[in-house]
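*Asks:* Structure file final_17.csv (CSV, C-alpha atoms) is given on the next line.
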chain,number,residue,atom,x,y,z
A,1340,MET,CA,109.9,70.5,144.5
A,1341,ALA,CA,110.4,74.3,144.8
A,1342,VAL,CA,112.2,75.8,141.8
A,1343,SER,CA,114.3,78.9,142.3
A,1344,ALA,CA,113.8,82.1,140.2
A,1345,LYS,CA,117.4,81.8,139.1
A,1346,LEU,CA,116.8,78.4,137.5
A,1347,VAL,CA,113.6,79.6,135.8
A,1348,LYS,CA,115.6,82.6,134.4
A,1349,GLU,CA,118.3,80.4,133.1
A,1350,LEU,CA,115.8,78.1,131.3
A,1351,ARG,CA,114.0,81.1,129.9
A,1352,ASP,CA,117.3,82.6,128.6
A,1353,ARG,CA,118.3,79.3,127.0
A,1354,THR,CA,114.9,78.4,125.4
A,1355,GLY,CA,113.0,81.7,125.0
A,1356,LEU,CA,109.9,80.1,126.5
A,1357,GLY,CA,107.5,81.7,129.0
A,1358,MET,CA,108.1,81.8,132.8
A,1359,MET,CA,105.2,79.4,133.7
A,1360,GLU,CA,106.2,76.9,131.1
A,1361,CYS,CA,109.8,76.9,132.3
A,1362,LYS,CA,108.8,76.6,135.9
A,1363,LYS,CA,106.5,73.6,135.1
A,1364,ALA,CA,109.2,71.9,133.1
A,1365,LEU,CA,111.8,72.4,135.9
A,1366,ARG,CA,109.4,71.0,138.5
A,1367,ALA,CA,108.9,67.9,136.5
A,1368,VAL,CA,112.6,67.1,136.4
A,1369,ASP,CA,113.5,68.2,140.0
A,1370,GLY,CA,115.2,71.4,138.8
A,1371,ASP,CA,117.6,69.8,136.3
A,1372,VAL,CA,118.0,72.5,133.5
A,1373,GLU,CA,119.5,70.1,131.0
A,1374,LYS,CA,116.8,67.5,131.5
A,1375,ALA,CA,114.1,70.2,131.2
A,1376,ILE,CA,115.6,71.4,127.9
A,1377,GLU,CA,115.6,67.8,126.6
A,1378,GLU,CA,112.0,67.2,127.6
A,1379,LEU,CA,110.9,70.6,126.1
A,1380,ARG,CA,112.6,69.7,122.8
A,1381,LYS,CA,110.8,66.3,122.8
A,1382,SER,CA,107.5,68.1,123.2
A,1383,SER,CA,108.1,71.0,120.9
A,1384,GLY,CA,106.1,69.7,118.0
A,1385,MET,CA,103.1,69.1,120.3
A,1386,LYS,CA,103.4,72.6,121.8
A,1387,ALA,CA,103.6,74.3,118.4
A,1388,ALA,CA,100.5,72.5,117.2
A,1389,LYS,CA,98.6,73.5,120.4
A,1390,LYS,CA,99.6,77.2,120.1
A,1391,ALA,CA,98.5,77.2,116.5
A,1392,GLY,CA,94.9,77.1,117.7
A,1393,ARG,CA,95.1,80.6,119.2
A,1394,THR,CA,94.0,83.6,117.3
A,1395,ALA,CA,96.9,85.4,115.4
A,1396,ALA,CA,95.5,88.8,114.6
A,1397,ASP,CA,98.6,91.0,114.8
A,1398,GLY,CA,101.8,90.7,112.7
A,1399,VAL,CA,103.1,92.4,109.6
A,1400,VAL,CA,102.5,93.0,105.9
A,1401,LEU,CA,105.5,93.0,103.6
A,1402,ALA,CA,105.8,93.8,99.9
A,1403,LYS,CA,108.3,93.1,97.1
A,1404,VAL,CA,108.2,94.3,93.6
A,1405,ALA,CA,110.1,93.1,90.5
A,1406,GLU,CA,112.9,95.4,89.4
A,1407,ASP,CA,111.2,96.0,86.1
A,1408,GLY,CA,107.9,96.8,87.8
A,1409,SER,CA,106.1,94.0,86.0
A,1410,TYR,CA,104.6,92.5,89.2
A,1411,GLY,CA,104.6,92.7,93.0
A,1412,VAL,CA,103.4,90.7,96.0
A,1413,ILE,CA,102.2,91.5,99.5
A,1414,VAL,CA,102.1,88.9,102.3
A,1415,GLU,CA,100.4,89.1,105.6
A,1416,VAL,CA,102.1,87.1,108.3
A,1417,ASN,CA,100.3,87.0,111.7
A,1418,SER,CA,101.3,86.7,115.3
A,1419,GLU,CA,99.2,87.1,118.4
A,1420,THR,CA,100.8,90.3,119.7
A,1421,ASP,CA,102.5,93.4,118.4
A,1422,PHE,CA,105.5,92.6,120.7
A,1423,ALA,CA,106.1,89.3,118.8
A,1424,ALA,CA,105.6,91.1,115.5
A,1425,ARG,CA,108.6,93.3,116.2
A,1426,GLU,CA,110.8,90.4,117.3
A,1427,GLU,CA,113.8,89.9,115.0
A,1428,ASN,CA,113.3,86.2,114.3
A,1429,PHE,CA,109.6,86.8,113.5
A,1430,LEU,CA,110.5,89.5,111.0
A,1431,SER,CA,113.2,87.3,109.5
A,1432,PHE,CA,110.6,84.5,109.0
A,1433,ALA,CA,108.1,87.0,107.4
A,1434,LYS,CA,110.8,88.2,105.0
A,1435,LYS,CA,111.5,84.6,104.0
A,1436,ILE,CA,107.8,84.1,103.3
A,1437,ALA,CA,107.7,87.3,101.2
A,1438,GLU,CA,110.7,86.1,99.2
A,1439,ALA,CA,109.1,82.7,98.6
A,1440,ALA,CA,105.8,84.2,97.5
A,1441,PHE,CA,107.6,86.6,95.2
A,1442,ALA,CA,109.7,83.9,93.6
A,1443,ALA,CA,106.6,81.7,93.0
A,1444,LYS,CA,104.4,84.6,92.0
A,1445,THR,CA,101.4,82.9,93.6
A,1446,THR,CA,98.6,83.7,96.0
A,1447,ASP,CA,98.4,80.0,97.1
A,1448,VAL,CA,99.3,80.0,100.9
A,1449,ALA,CA,99.5,76.2,100.9
A,1450,ALA,CA,102.1,76.3,98.1
A,1451,ILE,CA,104.3,78.6,100.1
A,1452,MET,CA,104.0,76.7,103.4
A,1453,THR,CA,106.1,73.8,102.4
A,1454,GLU,CA,107.3,71.1,104.8
A,1455,GLU,CA,110.5,73.1,105.4
A,1456,MET,CA,108.6,76.4,105.9
A,1457,VAL,CA,106.2,74.7,108.4
A,1458,ALA,CA,109.2,73.3,110.3
A,1459,THR,CA,110.7,76.8,110.5
A,1460,ARG,CA,107.4,78.2,111.6
A,1461,ASP,CA,106.9,75.6,114.3
A,1462,ALA,CA,110.4,76.2,115.7
A,1463,LEU,CA,109.6,79.9,115.9
A,1464,VAL,CA,106.3,79.2,117.6
A,1465,GLN,CA,108.2,77.2,120.2
A,1466,LYS,CA,110.7,80.0,120.7
A,1467,ILE,CA,108.5,83.0,121.0
A,1468,GLY,CA,105.5,81.2,122.5
A,1469,GLU,CA,102.8,82.6,120.1
A,1470,ASN,CA,100.9,81.3,117.1
A,1471,ILE,CA,102.3,82.4,113.8
A,1472,SER,CA,100.6,82.0,110.4
A,1473,LEU,CA,100.7,83.1,106.8
A,1474,ARG,CA,97.2,84.5,106.3
A,1475,ARG,CA,97.1,85.7,102.7
A,1476,ILE,CA,99.1,86.7,99.7
A,1477,SER,CA,98.2,89.2,97.0
A,1478,VAL,CA,99.8,89.5,93.6
A,1479,VAL,CA,99.4,92.4,91.1
A,1480,GLU,CA,100.9,92.2,87.6
A,1481,GLY,CA,100.9,94.9,84.9
A,1482,GLU,CA,102.7,97.5,82.9
A,1483,CYS,CA,103.9,99.5,86.0
A,1484,VAL,CA,103.5,98.1,89.5
A,1485,ALA,CA,104.7,99.8,92.7
A,1486,ALA,CA,104.3,99.2,96.4
A,1487,TYR,CA,104.1,101.2,99.5
A,1488,VAL,CA,104.4,99.8,103.0
A,1489,HIS,CA,103.6,101.9,106.0
A,1490,SER,CA,106.5,102.4,108.3
A,1491,ASN,CA,105.1,100.2,111.0
A,1492,ASN,CA,104.6,97.3,108.5
A,1493,ARG,CA,100.8,97.1,109.3
A,1494,ILE,CA,99.4,98.4,106.0
A,1495,ALA,CA,100.7,97.9,102.5
A,1496,ALA,CA,99.4,98.5,99.0
A,1497,LEU,CA,100.2,97.5,95.4
A,1498,VAL,CA,99.1,99.7,92.6
A,1499,GLU,CA,99.1,99.0,88.8
A,1500,LEU,CA,99.3,101.9,86.4
A,1501,LYS,CA,99.7,102.2,82.7
A,1502,GLY,CA,101.4,105.0,80.9
A,1503,ALA,CA,103.1,106.4,84.0
A,1504,ASP,CA,106.3,105.7,85.9
A,1505,ALA,CA,107.1,103.9,89.2
A,1506,GLU,CA,107.4,107.1,91.2
A,1507,VAL,CA,103.8,108.0,90.3
A,1508,ALA,CA,102.6,104.5,91.1
A,1509,LYS,CA,104.4,104.6,94.5
A,1510,ASP,CA,102.7,107.9,95.3
A,1511,VAL,CA,99.3,106.3,94.5
A,1512,ALA,CA,100.2,103.3,96.6
A,1513,MET,CA,101.0,105.6,99.5
A,1514,HIS,CA,97.7,107.3,99.1
A,1515,VAL,CA,95.9,103.9,99.1
A,1516,THR,CA,97.4,102.9,102.4
A,1517,ALA,CA,96.3,106.2,103.9
A,1518,THR,CA,92.7,106.5,102.6
A,1519,ASN,CA,91.6,102.9,102.0
A,1520,PRO,CA,89.5,103.3,98.8
A,1521,ARG,CA,87.1,100.5,97.9
A,1522,VAL,CA,87.2,100.7,94.1
A,1523,VAL,CA,89.3,102.4,91.3
A,1524,ASN,CA,86.4,104.1,89.6
A,1525,LYS,CA,82.8,105.0,90.6
A,1526,ASP,CA,81.4,102.5,88.1
A,1527,ASP,CA,83.3,99.7,89.8
A,1528,MET,CA,81.3,99.9,92.9
A,1529,PRO,CA,79.1,96.7,93.2
A,1530,ALA,CA,75.4,97.4,92.6
A,1531,ASP,CA,74.4,95.7,95.9
A,1532,GLU,CA,76.8,98.1,97.8
A,1533,VAL,CA,75.2,101.1,96.1
A,1534,GLN,CA,71.7,99.8,97.0
A,1535,LYS,CA,72.7,99.2,100.6
A,1536,GLU,CA,73.9,102.8,100.8
A,1537,LYS,CA,70.6,104.1,99.3
A,1538,ASP,CA,68.7,102.1,101.9
A,1539,ILE,CA,70.7,103.6,104.7
A,1540,ILE,CA,70.2,107.1,103.3
A,1541,MET,CA,66.5,106.6,102.9
A,1542,ALA,CA,66.2,105.4,106.6
A,1543,GLN,CA,67.9,108.5,108.0
A,1544,PRO,CA,65.6,110.8,110.1
A,1545,ASP,CA,65.9,113.8,107.9
A,1546,MET,CA,64.5,112.0,104.9
A,1547,ALA,CA,61.1,111.1,106.5
A,1548,SER,CA,59.4,114.5,106.1
A,1549,LYS,CA,60.8,115.2,102.6
A,1550,PRO,CA,58.5,115.2,99.5
A,1551,VAL,CA,59.4,112.3,97.2
A,1552,GLU,CA,61.0,114.4,94.5
A,1553,ILE,CA,63.2,116.2,97.1
A,1554,ALA,CA,64.1,112.9,98.8
A,1555,GLU,CA,65.2,111.5,95.4
A,1556,LYS,CA,67.5,114.4,94.7
A,1557,MET,CA,69.0,114.2,98.1
A,1558,VAL,CA,69.6,110.4,97.6
A,1559,ILE,CA,71.4,111.1,94.3
A,1560,GLY,CA,73.6,113.8,95.9
A,1561,ARG,CA,74.5,111.6,98.8
A,1562,ILE,CA,75.2,108.6,96.7
A,1563,GLY,CA,77.5,110.7,94.5
A,1564,LYS,CA,79.4,111.8,97.6
A,1565,PHE,CA,79.6,108.2,98.8
A,1566,LEU,CA,81.0,107.0,95.4
A,1567,ALA,CA,83.5,109.9,95.3
A,1568,GLU,CA,84.8,109.2,98.8
A,1569,ASN,CA,85.3,105.5,98.1
A,1570,SER,CA,86.7,105.7,94.5
A,1571,LEU,CA,90.4,106.0,94.2
A,1572,VAL,CA,90.5,108.3,91.2
A,1573,GLU,CA,87.9,110.6,92.7
A,1574,GLN,CA,89.7,111.1,96.0
A,1575,ALA,CA,91.7,114.2,96.8
A,1576,PHE,CA,95.4,113.2,96.6
A,1577,VAL,CA,96.9,113.2,100.1
A,1578,LYS,CA,100.1,115.0,98.9
A,1579,ASN,CA,98.1,117.7,97.1
A,1580,PRO,CA,94.4,117.9,98.3
A,1581,GLU,CA,93.7,120.4,95.5
A,1582,GLN,CA,94.1,117.6,92.9
A,1583,LYS,CA,92.2,114.3,92.6
A,1584,VAL,CA,94.2,111.1,92.3
A,1585,GLY,CA,92.9,110.4,88.8
A,1586,ALA,CA,93.9,113.9,87.6
A,1587,MET,CA,97.3,113.6,89.1
A,1588,VAL,CA,98.0,110.3,87.3
A,1589,LYS,CA,96.6,111.6,84.1
A,1590,ALA,CA,98.8,114.7,84.2
A,1591,ALA,CA,101.7,112.3,84.4
A,1592,GLY,CA,100.5,110.6,81.2
A,1593,GLY,CA,99.0,107.5,83.0
A,1594,GLU,CA,95.9,105.8,84.2
A,1595,VAL,CA,95.1,103.8,87.3
A,1596,VAL,CA,94.3,100.2,86.4
A,1597,SER,CA,94.1,98.4,89.8
A,1598,PHE,CA,95.2,98.3,93.4
A,1599,VAL,CA,95.2,96.0,96.4
A,1600,ARG,CA,95.5,97.0,100.0
A,1601,LEU,CA,96.2,94.7,103.0
A,1602,GLU,CA,96.0,95.7,106.6
A,1603,VAL,CA,97.2,93.5,109.5
A,1604,GLY,CA,94.3,91.6,111.1
A,1605,ASP,CA,91.6,93.1,108.9
A,1606,GLY,CA,88.4,91.1,109.3
A,1607,ILE,CA,89.8,88.8,112.0
A,1608,GLU,CA,87.5,88.5,115.1
A,1609,VAL,CA,89.5,88.4,118.3
A,1610,ALA,CA,88.1,87.1,121.6
A,1611,VAL,CA,88.5,89.5,124.4
A,1612,VAL,CA,90.4,87.9,127.3
A,1613,ASP,CA,90.5,89.4,130.8
A,1614,PHE,CA,94.2,89.7,131.5
A,1615,ALA,CA,93.8,89.2,135.3
A,1616,GLU,CA,91.8,86.1,134.7
A,1617,GLU,CA,94.4,84.7,132.3
A,1618,VAL,CA,97.2,85.2,134.8
A,1619,ALA,CA,95.2,83.7,137.6
A,1620,ALA,CA,94.5,80.6,135.4
A,1621,GLN,CA,98.2,80.2,134.6
A,1622,LEU,CA,99.1,80.4,138.3
A,1623,LYS,CA,96.4,77.9,139.2
A,1624,SER,CA,97.7,75.4,136.6
Could I get this file's structure written as structure tokens?
*Replies:*
Amino acid sequence: MAVSAKLVKELRDRTGLGMMECKKALRAVDGDVEKAIEELRKSSGMKAAKKAGRTAADGVVLAKVAEDGSYGVIVEVNSETDFAAREENFLSFAKKIAEAAFAAKTTDVAAIMTEEMVATRDALVQKIGENISLRRISVVEGECVAAYVHSNNRIAALVELKGADAEVAKDVAMHVTATNPRVVNKDDMPADEVQKEKDIIMAQPDMASKPVEIAEKMVIGRIGKFLAENSLVEQAFVKNPEQKVGAMVKAAGGEVVSFVRLEVGDGIEVAVVDFAEEVAAQLKS
């Protein structure tokens, strides 16, 4: 039977589901909204599982640090779109995840996704119509740990210092979110990464005609620049470019020990979907 736009809107308002899903449910029960809701509730577990197969590459990162600065955690909770990531219920769920990870002080995703947490997640998947997943958790412990979360909740960092206070650590964490260093000190850069960079430099066109001794000096200089650009303590501090991060922390009586930085969706491959084709497929179904 034909289903009116008014009935579709009513079912959408009461369930939070998508237009096509509501329209299909109403057709199956001859336009009876109450029956449609009942059938949708019966099938909610199945739908949540089906949606879980879709790529969730958007979302938020949230951080929480102990009052005494002894440890902190960052969690990345993913959704499929930025729109869902800004939804109140999604953010509430992400905060619940962060609190659980903080209390457990663990990086084990499976330990946080208890039966109760999975049930909450599945209900949210059903409501907003997108896959939701806890992707990763990072924990940093030490003498002085601080966090910084970018205002859009897409990038967060934890920094561990010794000999300095939380304000300095927070400044460094802010710097880390902005510049994305790879290591703390130059000597921390893995040897294979250094070799890869050397190979890239040697393959550059301007190296071909250079005498061996000149080429070697050029490689040394460019590797030095590469290490400085990617080592936290060697980078120019974002709040004062005249001073390196390491020098700033040292002036405050401290030393950078470690850091971790998470960015939403980093490393996730997302299939490109033609929007017009997706809409056409939904209409056809």
*Asks:* In Å, rounded to a single decimal, give me how far CA of Leu1365 in chain A is from CA of Val1347 in chain A.
*Replies:*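 Computed distance, CA of Val1347 in chain A to CA of Leu1365 in chain A, equals 7.4 Å.
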*Asks:* Between A:Asp1421, A:Asp1371, A:Asp1510, A:Glu1532, which has the minimum distance to Val1603 in chain A (counting all atoms listed in the file)?
*Replies:*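 When distances to Val1603 in chain A are compared using all atoms listed in the file, the smallest one comes from A:Asp1421.
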*Asks:* What's the 9 Å shell around range 1483-1500 of chain A, counting all atoms listed in the file, without same-chain residues fewer than 3 positions away, as a VMD selection string?
*Replies:* chain A and resid 1397 to 1405 1407 to 1413 1415 1477 to 1480 1503 to 1517 1588 1593 to 1604
*Asks:* Just the selected residues (C-alpha atoms), exported as a tab-separated table (two decimals), keeping the file's coordinate frame, please.
*Replies:*
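That gives us selection.tsv:
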chain	number	residue	atom	x	y	z
A	1397	ASP	CA	98.60	91.00	114.80
A	1398	GLY	CA	101.80	90.70	112.70
A	1399	VAL	CA	103.10	92.40	109.60
A	1400	VAL	CA	102.50	93.00	105.90
A	1401	LEU	CA	105.50	93.00	103.60
A	1402	ALA	CA	105.80	93.80	99.90
A	1403	LYS	CA	108.30	93.10	97.10
A	1404	VAL	CA	108.20	94.30	93.60
A	1405	ALA	CA	110.10	93.10	90.50
A	1407	ASP	CA	111.20	96.00	86.10
A	1408	GLY	CA	107.90	96.80	87.80
A	1409	SER	CA	106.10	94.00	86.00
A	1410	TYR	CA	104.60	92.50	89.20
A	1411	GLY	CA	104.60	92.70	93.00
A	1412	VAL	CA	103.40	90.70	96.00
A	1413	ILE	CA	102.20	91.50	99.50
A	1415	GLU	CA	100.40	89.10	105.60
A	1477	SER	CA	98.20	89.20	97.00
A	1478	VAL	CA	99.80	89.50	93.60
A	1479	VAL	CA	99.40	92.40	91.10
A	1480	GLU	CA	100.90	92.20	87.60
A	1503	ALA	CA	103.10	106.40	84.00
A	1504	ASP	CA	106.30	105.70	85.90
A	1505	ALA	CA	107.10	103.90	89.20
A	1506	GLU	CA	107.40	107.10	91.20
A	1507	VAL	CA	103.80	108.00	90.30
A	1508	ALA	CA	102.60	104.50	91.10
A	1509	LYS	CA	104.40	104.60	94.50
A	1510	ASP	CA	102.70	107.90	95.30
A	1511	VAL	CA	99.30	106.30	94.50
A	1512	ALA	CA	100.20	103.30	96.60
A	1513	MET	CA	101.00	105.60	99.50
A	1514	HIS	CA	97.70	107.30	99.10
A	1515	VAL	CA	95.90	103.90	99.10
A	1516	THR	CA	97.40	102.90	102.40
A	1517	ALA	CA	96.30	106.20	103.90
A	1588	VAL	CA	98.00	110.30	87.30
A	1593	GLY	CA	99.00	107.50	83.00
A	1594	GLU	CA	95.90	105.80	84.20
A	1595	VAL	CA	95.10	103.80	87.30
A	1596	VAL	CA	94.30	100.20	86.40
A	1597	SER	CA	94.10	98.40	89.80
A	1598	PHE	CA	95.20	98.30	93.40
A	1599	VAL	CA	95.20	96.00	96.40
A	1600	ARG	CA	95.50	97.00	100.00
A	1601	LEU	CA	96.20	94.70	103.00
A	1602	GLU	CA	96.00	95.70	106.60
A	1603	VAL	CA	97.20	93.50	109.50
A	1604	GLY	CA	94.30	91.60	111.10
*Asks:* In Å, how far is it from CA of Val1533 in chain A to CA of Ala1586 in chain A?
*Replies:*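 It comes out at 24.2 Å.
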*Asks:* One decimal, Å: what's the distance from CA of Thr1459 in chain A over to CA of Ala1433 in chain A, could you say?
*Replies:* 11.0 Å
*Asks:* Between A:Val1448, A:Ala1344, A:Ile1562, A:Ala1437, which residue has the minimum interatomic distance to Ala1530 in chain A, considering all atoms listed in the file?
*Replies:*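 When distances to Ala1530 in chain A are compared using all atoms listed in the file, the smallest one comes from A:Ile1562.
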*Asks:* Within 7 Å of range 1567-1574 of chain A, which residues of range 1465-1559 of chain A come that close, and what is the closest atom pair and distance in Å for each? Count all atoms listed in the file and give it as JSON lines.
*Replies:*
{"residue": "A:Pro1520", "atom": "CA", "partner": "A:Asn1569", "partner_atom": "CA", "distance": 4.8}
{"residue": "A:Arg1521", "atom": "CA", "partner": "A:Asn1569", "partner_atom": "CA", "distance": 5.3}
{"residue": "A:Val1522", "atom": "CA", "partner": "A:Ser1570", "partner_atom": "CA", "distance": 5.0}
{"residue": "A:Val1523", "atom": "CA", "partner": "A:Leu1571", "partner_atom": "CA", "distance": 4.8}
{"residue": "A:Asn1524", "atom": "CA", "partner": "A:Ser1570", "partner_atom": "CA", "distance": 5.2}
{"residue": "A:Lys1525", "atom": "CA", "partner": "A:Ser1570", "partner_atom": "CA", "distance": 5.6}
*Asks:* For each of A:Ala1341, A:Ala1396, A:Met1456, A:Leu1463, take the minimum atom-to-atom distance to Asp1369 in chain A, counting all atoms listed in the file, then give the residue where this is smallest.
*Replies:*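 Among A:Ala1341, A:Ala1396, A:Met1456, A:Leu1463, it is A:Ala1341 that comes nearest to Asp1369 in chain A.
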*Asks:* Could you add the missing atoms to range 1523-1532 of chain A, up to all heavy atoms, and return them as a PDB file, in the frame of the given file?
*Replies:*
ATOM      1  N   VAL A1523      88.481 101.434  92.132  1.00  0.00           N
ATOM      2  CA  VAL A1523      89.300 102.400  91.300  1.00  0.00           C
ATOM      3  C   VAL A1523      88.384 103.514  90.838  1.00  0.00           C
ATOM      4  O   VAL A1523      88.657 104.693  91.070  1.00  0.00           O
ATOM      5  CB  VAL A1523      89.956 101.681  90.146  1.00  0.00           C
ATOM      6  CG1 VAL A1523      90.645 102.718  89.250  1.00  0.00           C
ATOM      7  CG2 VAL A1523      90.970 100.659  90.634  1.00  0.00           C
ATOM      8  N   ASN A1524      87.298 103.154  90.134  1.00  0.00           N
ATOM      9  CA  ASN A1524      86.400 104.100  89.600  1.00  0.00           C
ATOM     10  C   ASN A1524      84.974 103.963  90.160  1.00  0.00           C
ATOM     11  O   ASN A1524      84.620 102.890  90.649  1.00  0.00           O
ATOM     12  CB  ASN A1524      86.276 103.954  88.034  1.00  0.00           C
ATOM     13  CG  ASN A1524      87.604 104.170  87.349  1.00  0.00           C
ATOM     14  OD1 ASN A1524      88.079 105.293  87.236  1.00  0.00           O
ATOM     15  ND2 ASN A1524      88.226 103.079  86.898  1.00  0.00           N
ATOM     16  N   LYS A1525      84.175 104.998  90.077  1.00  0.00           N
ATOM     17  CA  LYS A1525      82.800 105.000  90.600  1.00  0.00           C
ATOM     18  C   LYS A1525      81.997 103.812  90.040  1.00  0.00           C
ATOM     19  O   LYS A1525      81.221 103.156  90.748  1.00  0.00           O
ATOM     20  CB  LYS A1525      82.098 106.290  90.368  1.00  0.00           C
ATOM     21  CG  LYS A1525      82.654 107.450  91.151  1.00  0.00           C
ATOM     22  CD  LYS A1525      81.798 108.693  91.017  1.00  0.00           C
ATOM     23  CE  LYS A1525      81.846 109.258  89.614  1.00  0.00           C
ATOM     24  NZ  LYS A1525      81.105 110.558  89.516  1.00  0.00           N
ATOM     25  N   ASP A1526      82.181 103.567  88.756  1.00  0.00           N
ATOM     26  CA  ASP A1526      81.400 102.500  88.100  1.00  0.00           C
ATOM     27  C   ASP A1526      81.786 101.113  88.558  1.00  0.00           C
ATOM     28  O   ASP A1526      81.079 100.144  88.263  1.00  0.00           O
ATOM     29  CB  ASP A1526      81.588 102.611  86.568  1.00  0.00           C
ATOM     30  CG  ASP A1526      80.965 103.872  85.987  1.00  0.00           C
ATOM     31  OD1 ASP A1526      80.125 104.485  86.669  1.00  0.00           O
ATOM     32  OD2 ASP A1526      81.342 104.235  84.860  1.00  0.00           O
ATOM     33  N   ASP A1527      82.902 101.001  89.273  1.00  0.00           N
ATOM     34  CA  ASP A1527      83.300  99.700  89.800  1.00  0.00           C
ATOM     35  C   ASP A1527      82.635  99.276  91.042  1.00  0.00           C
ATOM     36  O   ASP A1527      82.735  98.114  91.450  1.00  0.00           O
ATOM     37  CB  ASP A1527      84.856  99.714  90.032  1.00  0.00           C
ATOM     38  CG  ASP A1527      85.672 100.007  88.787  1.00  0.00           C
ATOM     39  OD1 ASP A1527      85.221  99.629  87.689  1.00  0.00           O
ATOM     40  OD2 ASP A1527      86.753 100.619  88.904  1.00  0.00           O
ATOM     41  N   MET A1528      81.926 100.201  91.685  1.00  0.00           N
ATOM     42  CA  MET A1528      81.300  99.900  92.900  1.00  0.00           C
ATOM     43  C   MET A1528      80.142  98.866  92.687  1.00  0.00           C
ATOM     44  O   MET A1528      79.268  99.094  91.850  1.00  0.00           O
ATOM     45  CB  MET A1528      80.677 101.132  93.582  1.00  0.00           C
ATOM     46  CG  MET A1528      80.149 100.915  95.009  1.00  0.00           C
ATOM     47  SD  MET A1528      81.444 100.562  96.204  1.00  0.00           S
ATOM     48  CE  MET A1528      82.232 102.180  96.338  1.00  0.00           C
ATOM     49  N   PRO A1529      80.137  97.729  93.385  1.00  0.00           N
ATOM     50  CA  PRO A1529      79.100  96.700  93.200  1.00  0.00           C
ATOM     51  C   PRO A1529      77.694  97.299  93.398  1.00  0.00           C
ATOM     52  O   PRO A1529      77.485  98.117  94.307  1.00  0.00           O
ATOM     53  CB  PRO A1529      79.422  95.662  94.244  1.00  0.00           C
ATOM     54  CG  PRO A1529      80.879  95.828  94.500  1.00  0.00           C
ATOM     55  CD  PRO A1529      81.141  97.303  94.376  1.00  0.00           C
ATOM     56  N   ALA A1530      76.750  96.862  92.571  1.00  0.00           N
ATOM     57  CA  ALA A1530      75.400  97.400  92.600  1.00  0.00           C
ATOM     58  C   ALA A1530      74.741  97.153  94.004  1.00  0.00           C
ATOM     59  O   ALA A1530      73.994  98.016  94.499  1.00  0.00           O
ATOM     60  CB  ALA A1530      74.531  96.746  91.539  1.00  0.00           C
ATOM     61  N   ASP A1531      75.039  96.016  94.623  1.00  0.00           N
ATOM     62  CA  ASP A1531      74.400  95.700  95.900  1.00  0.00           C
ATOM     63  C   ASP A1531      74.953  96.681  97.007  1.00  0.00           C
ATOM     64  O   ASP A1531      74.240  97.036  97.944  1.00  0.00           O
ATOM     65  CB  ASP A1531      74.644  94.280  96.326  1.00  0.00           C
ATOM     66  CG  ASP A1531      76.116  93.909  96.435  1.00  0.00           C
ATOM     67  OD1 ASP A1531      76.946  94.543  95.752  1.00  0.00           O
ATOM     68  OD2 ASP A1531      76.442  92.997  97.213  1.00  0.00           O
ATOM     69  N   GLU A1532      76.212  97.136  96.853  1.00  0.00           N
ATOM     70  CA  GLU A1532      76.800  98.100  97.800  1.00  0.00           C
ATOM     71  C   GLU A1532      76.106  99.459  97.644  1.00  0.00           C
ATOM     72  O   GLU A1532      75.835 100.150  98.626  1.00  0.00           O
ATOM     73  CB  GLU A1532      78.277  98.226  97.597  1.00  0.00           C
ATOM     74  CG  GLU A1532      79.068  97.006  98.005  1.00  0.00           C
ATOM     75  CD  GLU A1532      78.984  96.758  99.503  1.00  0.00           C
ATOM     76  OE1 GLU A1532      79.107  97.712 100.275  1.00  0.00           O
ATOM     77  OE2 GLU A1532      78.772  95.587  99.898  1.00  0.00           O
TER      78      GLU A1532
END
